[in-house]
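**Student:** Sharing final36.txt below, compact mmCIF, C-alpha atoms:
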# COMPACT_ATOMS: atom_id res chain seq x y z
CA ALA A 1 -4.91 -14.49 9.37
CA GLN A 2 -3.46 -13.24 6.12
CA LYS A 3 0.17 -13.20 5.13
CA VAL A 4 2.08 -12.19 2.02
CA THR A 5 5.66 -13.27 1.44
CA GLN A 6 8.03 -11.72 -1.06
CA ALA A 7 11.18 -13.72 -0.62
CA GLN A 8 13.29 -11.61 -2.97
CA THR A 9 14.54 -8.59 -1.06
CA GLU A 10 16.45 -7.05 -3.93
CA ILE A 11 16.95 -7.87 -7.60
CA SER A 12 19.38 -6.23 -9.97
CA VAL A 13 19.13 -6.70 -13.73
CA VAL A 14 20.52 -5.07 -16.80
CA GLU A 15 18.19 -3.14 -19.06
CA LYS A 16 16.22 -5.27 -21.54
CA GLU A 17 16.40 -8.35 -19.36
CA ASP A 18 13.18 -10.02 -18.25
CA VAL A 19 12.60 -10.23 -14.51
CA THR A 20 10.05 -12.04 -12.37
CA LEU A 21 9.04 -10.92 -8.91
CA ASP A 22 7.65 -13.66 -6.70
CA CYS A 23 4.71 -13.42 -4.33
CA VAL A 24 3.27 -16.15 -2.14
CA TYR A 25 0.24 -15.59 0.05
CA GLU A 26 -1.66 -17.25 2.85
CA THR A 27 -5.31 -16.77 3.65
CA ARG A 28 -8.19 -18.77 5.06
CA ASP A 29 -10.70 -16.86 2.99
CA THR A 30 -12.16 -18.62 -0.01
CA THR A 31 -12.52 -15.39 -1.94
CA TYR A 32 -10.01 -12.59 -1.84
CA TYR A 33 -8.17 -10.03 -3.93
CA LEU A 34 -4.50 -9.82 -4.85
CA PHE A 35 -2.67 -6.68 -5.88
CA TRP A 36 0.65 -5.39 -7.08
CA TYR A 37 1.86 -1.88 -6.32
CA LYS A 38 4.96 -0.01 -7.45
CA GLN A 39 6.73 2.45 -5.16
CA PRO A 40 9.19 4.71 -6.99
CA PRO A 41 11.66 6.86 -5.04
CA SER A 42 9.03 9.60 -4.73
CA GLY A 43 7.25 7.40 -2.19
CA GLU A 44 3.76 7.09 -3.62
CA LEU A 45 2.44 3.57 -4.08
CA VAL A 46 1.15 3.20 -7.61
CA PHE A 47 -1.58 0.65 -8.20
CA LEU A 48 -0.68 -1.81 -10.99
CA ILE A 49 -3.20 -4.62 -10.92
CA ARG A 50 -6.00 -6.28 -8.98
CA ARG A 51 -6.88 -9.94 -9.36
CA ASN A 52 -9.94 -11.74 -7.94
CA SER A 53 -9.34 -15.15 -6.42
CA PHE A 54 -11.97 -16.74 -8.65
CA ASP A 55 -10.32 -15.51 -11.83
CA GLU A 56 -7.12 -17.40 -12.57
CA GLN A 57 -6.59 -16.00 -16.03
CA ASN A 58 -3.17 -14.56 -16.48
CA GLU A 59 -3.02 -10.95 -17.51
CA ILE A 60 -0.72 -8.98 -19.74
CA SER A 61 -0.47 -5.22 -19.90
CA GLY A 62 2.27 -4.02 -22.19
CA ARG A 63 5.58 -5.22 -20.77
CA TYR A 64 3.90 -6.37 -17.54
CA SER A 65 2.34 -9.77 -17.00
CA TRP A 66 0.95 -11.54 -13.98
CA ASN A 67 0.73 -15.26 -13.30
CA PHE A 68 -1.84 -16.27 -10.69
CA GLN A 69 -1.62 -19.87 -9.52
CA LYS A 70 -4.20 -20.64 -6.87
CA SER A 71 -2.88 -24.17 -6.40
CA THR A 72 0.46 -22.83 -5.19
CA SER A 73 -0.91 -19.61 -3.65
CA SER A 74 1.32 -17.52 -5.85
CA PHE A 75 0.83 -14.32 -7.79
CA ASN A 76 4.04 -13.59 -9.67
CA PHE A 77 4.81 -10.48 -11.67
CA THR A 78 7.02 -10.44 -14.75
CA ILE A 79 8.48 -7.39 -16.44
CA THR A 80 9.62 -8.08 -19.98
CA ALA A 81 12.46 -6.07 -21.51
CA SER A 82 13.05 -4.12 -18.33
CA GLN A 83 13.84 -0.42 -18.43
CA VAL A 84 15.61 1.90 -16.03
CA VAL A 85 12.26 3.52 -15.22
CA ASP A 86 11.10 0.20 -13.80
CA SER A 87 13.52 0.65 -10.91
CA ALA A 88 11.37 0.81 -7.78
CA VAL A 89 10.15 -1.24 -4.85
CA TYR A 90 7.30 -3.55 -5.78
CA PHE A 91 4.75 -4.72 -3.26
CA CYS A 92 2.35 -7.61 -3.45
CA ALA A 93 -0.78 -7.29 -1.31
CA LEU A 94 -3.88 -9.21 -0.30
CA SER A 95 -7.33 -8.23 0.93
CA MET A 96 -10.56 -9.96 1.81
CA ASP A 97 -13.41 -10.05 -0.65
CA THR A 98 -15.96 -8.83 1.86
CA GLY A 99 -15.75 -7.14 5.22
CA ARG A 100 -12.22 -6.04 5.98
CA ARG A 101 -10.85 -4.57 2.78
CA ALA A 102 -7.61 -3.19 4.16
CA LEU A 103 -4.50 -4.45 2.44
CA THR A 104 -1.96 -6.85 3.89
CA PHE A 105 1.36 -6.17 2.22
CA GLY A 106 4.45 -8.21 1.61
CA SER A 107 7.81 -6.77 2.56
CA GLY A 108 8.51 -5.63 -0.98
CA THR A 109 11.14 -6.38 -3.61
CA ARG A 110 13.55 -3.66 -4.64
CA LEU A 111 14.23 -3.85 -8.36
CA GLN A 112 17.24 -2.07 -9.80
CA VAL A 113 17.54 -1.93 -13.55
CA GLN A 114 21.00 -0.95 -14.67
CA PRO A 115 21.49 0.80 -18.01
CA GLU B 1 -6.17 15.58 -11.08
CA THR B 2 -4.25 14.54 -8.01
CA GLY B 3 -6.14 11.61 -6.49
CA VAL B 4 -4.82 11.56 -2.95
CA THR B 5 -2.87 14.49 -1.56
CA GLN B 6 -0.89 14.47 1.65
CA THR B 7 0.58 17.44 3.48
CA PRO B 8 3.18 18.13 4.58
CA ARG B 9 5.56 16.00 2.53
CA HIS B 10 8.26 16.25 5.18
CA LEU B 11 8.01 16.94 8.89
CA VAL B 12 10.59 17.14 11.63
CA MET B 13 9.25 17.36 15.15
CA GLY B 14 10.51 17.15 18.69
CA MET B 15 9.20 14.60 21.11
CA THR B 16 7.16 17.21 22.98
CA ASN B 17 5.57 18.77 19.89
CA LYS B 18 2.05 18.37 18.59
CA LYS B 19 1.55 18.21 14.85
CA SER B 20 -1.01 16.95 12.37
CA LEU B 21 -0.78 15.17 9.05
CA LYS B 22 -3.45 15.88 6.48
CA CYS B 23 -4.84 13.73 3.70
CA GLU B 24 -7.39 14.70 1.07
CA GLN B 25 -8.85 12.52 -1.65
CA HIS B 26 -10.64 13.72 -4.78
CA LEU B 27 -11.78 10.32 -5.98
CA GLY B 28 -15.21 10.12 -4.36
CA HIS B 29 -14.13 7.17 -2.26
CA ASN B 30 -15.79 6.10 0.96
CA ALA B 31 -12.93 4.40 2.75
CA MET B 32 -9.71 6.00 3.94
CA TYR B 33 -6.64 4.49 5.55
CA TRP B 34 -3.45 5.38 7.36
CA TYR B 35 -0.42 3.15 6.82
CA LYS B 36 3.04 3.37 8.37
CA GLN B 37 6.14 2.41 6.43
CA SER B 38 9.36 2.14 8.39
CA ALA B 39 12.71 0.80 7.34
CA LYS B 40 12.49 -2.34 9.40
CA LYS B 41 8.90 -3.43 8.88
CA PRO B 42 6.51 -4.00 6.00
CA LEU B 43 3.73 -1.53 5.39
CA GLU B 44 1.59 -1.56 8.50
CA LEU B 45 -2.07 -0.66 8.59
CA MET B 46 -2.84 1.83 11.35
CA PHE B 47 -6.45 2.97 10.96
CA VAL B 48 -9.42 2.44 8.68
CA TYR B 49 -12.39 4.73 8.19
CA ASN B 50 -15.53 3.81 6.28
CA PHE B 51 -18.08 6.54 5.66
CA LYS B 52 -16.32 8.70 8.29
CA GLU B 53 -16.57 6.01 10.96
CA GLN B 54 -13.46 4.37 12.33
CA THR B 55 -13.76 0.66 11.66
CA GLU B 56 -10.28 -0.47 12.52
CA ASN B 57 -7.52 0.53 14.91
CA ASN B 58 -4.59 -1.81 14.52
CA SER B 59 -3.37 -1.53 18.12
CA VAL B 60 -1.89 1.88 17.46
CA PRO B 61 -0.52 3.81 20.49
CA SER B 62 -2.70 6.65 21.69
CA ARG B 63 -0.04 9.22 20.78
CA PHE B 64 -1.46 8.79 17.26
CA SER B 65 -4.99 10.15 17.02
CA PRO B 66 -6.90 9.99 13.73
CA GLU B 67 -9.76 12.21 12.69
CA CYS B 68 -12.09 11.89 9.71
CA PRO B 69 -14.44 14.89 9.49
CA ASN B 70 -15.86 13.80 6.13
CA SER B 71 -15.26 11.17 3.46
CA SER B 72 -12.72 13.33 1.66
CA HIS B 73 -10.44 14.29 4.53
CA LEU B 74 -8.38 12.35 7.00
CA PHE B 75 -6.03 13.67 9.65
CA LEU B 76 -3.47 12.06 11.89
CA HIS B 77 -2.78 14.07 15.03
CA LEU B 78 0.59 13.43 16.61
CA HIS B 79 1.74 14.20 20.14
CA THR B 80 4.62 13.14 22.38
CA LEU B 81 6.08 10.88 19.72
CA GLN B 82 9.18 8.75 20.09
CA PRO B 83 12.17 8.59 17.74
CA GLU B 84 11.07 5.09 16.67
CA ASP B 85 7.91 6.68 15.25
CA SER B 86 10.02 8.19 12.50
CA ALA B 87 8.68 6.70 9.26
CA LEU B 88 6.81 7.38 6.05
CA TYR B 89 3.10 7.78 6.77
CA LEU B 90 0.92 6.94 3.84
CA CYS B 91 -2.72 7.78 3.37
CA ALA B 92 -4.92 5.78 1.01
CA SER B 93 -8.52 5.67 -0.12
CA SER B 94 -10.71 3.13 -1.83
CA HIS B 95 -14.23 2.91 -3.13
CA GLY B 96 -15.10 0.53 -0.36
CA ARG B 97 -17.51 -1.62 -2.34
CA ASP B 98 -16.91 -3.20 -5.74
CA ARG B 99 -13.71 -1.44 -6.64
CA VAL B 100 -11.42 -2.45 -3.83
CA GLU B 101 -8.03 -1.22 -4.99
CA ALA B 102 -6.60 1.50 -2.80
CA PHE B 103 -4.98 4.65 -4.13
CA PHE B 104 -2.17 6.18 -2.15
CA GLY B 105 -0.82 9.62 -1.50
CA GLN B 106 2.88 10.38 -1.70
CA GLY B 107 3.26 10.16 2.03
CA THR B 108 4.63 12.34 4.81
CA ARG B 109 8.21 11.61 5.79
CA LEU B 110 8.23 12.12 9.55
CA THR B 111 11.38 12.48 11.63
CA VAL B 112 11.09 12.64 15.40
CA VAL B 113 14.11 14.18 17.13
If you convert what's in this file into structure tokens, what do you get?

**Tutor:**
Amino acid sequence: AQKVTQAQTEISVVEKEDVTLDCVYETRDTTYYLFWYKQPPSGELVFLIRRNSFDEQNEISGRYSWNFQKSTSSFNFTITASQVVDSAVYFCALSMDTGRRALTFGSGTRLQVQP
Amino acid sequence: ETGVTQTPRHLVMGMTNKKSLKCEQHLGHNAMYWYKQSAKKPLELMFVYNFKEQTENNSVPSRFSPECPNSSHLFLHLHTLQPEDSALYLCASSHGRDRVEAFFGQGTRLTVV
């Protein structure tokens, strides 16, 4: 069985602060994929990143960075110098490498960035 | 280009009504999904279609009936729903092979009265 836990229900920061969203996962699969999605108020889930379980390199994309630690089953997401437009619900998700590719989602973290 | 389009965006229906949600993807993907997002639960997978064939039904009540006439279209037929079925219904698609990330539509906000 797969499980994704996002312990932070809601985070509020002031603009320009850095913020880290935590994600811990459980799976019995040896290979798998991890994802982060952003859900703005409009409702659509926007794909941010995919990470393969065999690639533990951290990734940076502009103000976004992701820290994958297989040893602790964590895939944390950091936003540097947050902006009001970053306000959204962020979901971490997990899928198998082969076979069932449907996503298992965490419960999401609501990020509010105050001006 | 709009990748995944869902219609309608909002729907209010009575418990005795029959309605359908529509999803269309323009990404050339082979897999399509229905997810349910309600206030009290995480995103829940409902159905999976691969190459038009249903490959997963996540114990969804029969009052929800999916249909996938081709790889680009997915429907969710609704009948005799309950108020607790009120939720955001999200459609998604993915390549189904090497590129596994799913792309989502904006969802249909369903209210059952």

**Student:** Hey, can I get the axis-aligned box for stretch 13-31 of chain A? All listed atoms, 3 Å padding on each side, centre and edge lengths in Å to one decimal, as lines of an AutoDock Vina configuration file.

**Tutor:**
center_x = 4.0
center_y = -11.0
center_z = -8.2
size_x = 39.0
size_y = 21.6
size_z = 32.6

**Student:** Which residue, A:Ser71, A:Ser12, A:Thr5, A:Ser42, has the smallest gap to chain B when you use all atoms listed in the file?

**Tutor:** A:Ser42

**Student:** Taking all atoms listed in the file into account, what are the residues of chain B at most 9 Å from chain A, put as a list of chain:residue names?

**Tutor:**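 Filtering chain B at 9 Å from chain A with all atoms listed in the file gives B:Tyr33, B:Lys41, B:Pro42, B:Leu43, B:Glu44, B:Leu45, B:Val48, B:Thr55, B:Glu56, B:Leu88, B:Leu90, B:Ser94, B:Gly96, B:Arg97, B:Val100, B:Glu101, B:Ala102, B:Phe103, B:Phe104, B:Gly105, B:Gln106, B:Gly107, B:Thr108.
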
**Student:** Those selected residues, please, written with C-alpha atoms and delivered as a compact mmCIF listing (two decimals), in the frame of the given file.

**Tutor:**
# COMPACT_ATOMS: atom_id res chain seq x y z
CA TYR B 33 -6.64 4.49 5.55
CA LYS B 41 8.90 -3.43 8.88
CA PRO B 42 6.51 -4.00 6.00
CA LEU B 43 3.73 -1.53 5.39
CA GLU B 44 1.59 -1.56 8.50
CA LEU B 45 -2.07 -0.66 8.59
CA VAL B 48 -9.42 2.44 8.68
CA THR B 55 -13.76 0.66 11.66
CA GLU B 56 -10.28 -0.47 12.52
CA LEU B 88 6.81 7.38 6.05
CA LEU B 90 0.92 6.94 3.84
CA SER B 94 -10.71 3.13 -1.83
CA GLY B 96 -15.10 0.53 -0.36
CA ARG B 97 -17.51 -1.62 -2.34
CA VAL B 100 -11.42 -2.45 -3.83
CA GLU B 101 -8.03 -1.22 -4.99
CA ALA B 102 -6.60 1.50 -2.80
CA PHE B 103 -4.98 4.65 -4.13
CA PHE B 104 -2.17 6.18 -2.15
CA GLY B 105 -0.82 9.62 -1.50
CA GLN B 106 2.88 10.38 -1.70
CA GLY B 107 3.26 10.16 2.03
CA THR B 108 4.63 12.34 4.81

**Student:** Record the distance separating atom CA of A:Tyr32 and atom CA of A:Arg63, expressed in Å with one decimal.

**Tutor:** 25.6 Å

**Student:** Tell me which of A:Lys38, A:Ser74, A:Glu26, A:Thr20 sits closest to A:Asp86, counting all atoms listed in the file.

**Tutor:**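 Closest candidate: A:Lys38.
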
**Student:** So the first atom is atom CA of B:Val12 and the second is atom CA of B:Glu84; what is the distance between them in Å, to one decimal place?

**Tutor:**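 Pair atom CA of B:Val12 / atom CA of B:Glu84 returns 13.1 Å.
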
**Student:** Mind listing as a PyMOL selection string all residues within 8 Å of (5.0, -6.9, -16.3), counting only C-alpha atoms?

**Tutor:** chain A and resi 60-66+77-80

**Student:** List the neighbours of A:Asn67 out to 6 Å using only C-alpha atoms; skip same-chain residues closer than 6 positions along the sequence, and give me the result as a compact mmCIF listing (two decimals) with C-alpha atoms, keeping the file's coordinate frame.

**Tutor:**
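Final output, around-v1.txt:
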# COMPACT_ATOMS: atom_id res chain seq x y z
CA ASN A 58 -3.17 -14.56 -16.48
CA PHE A 75 0.83 -14.32 -7.79
CA ASN A 76 4.04 -13.59 -9.67
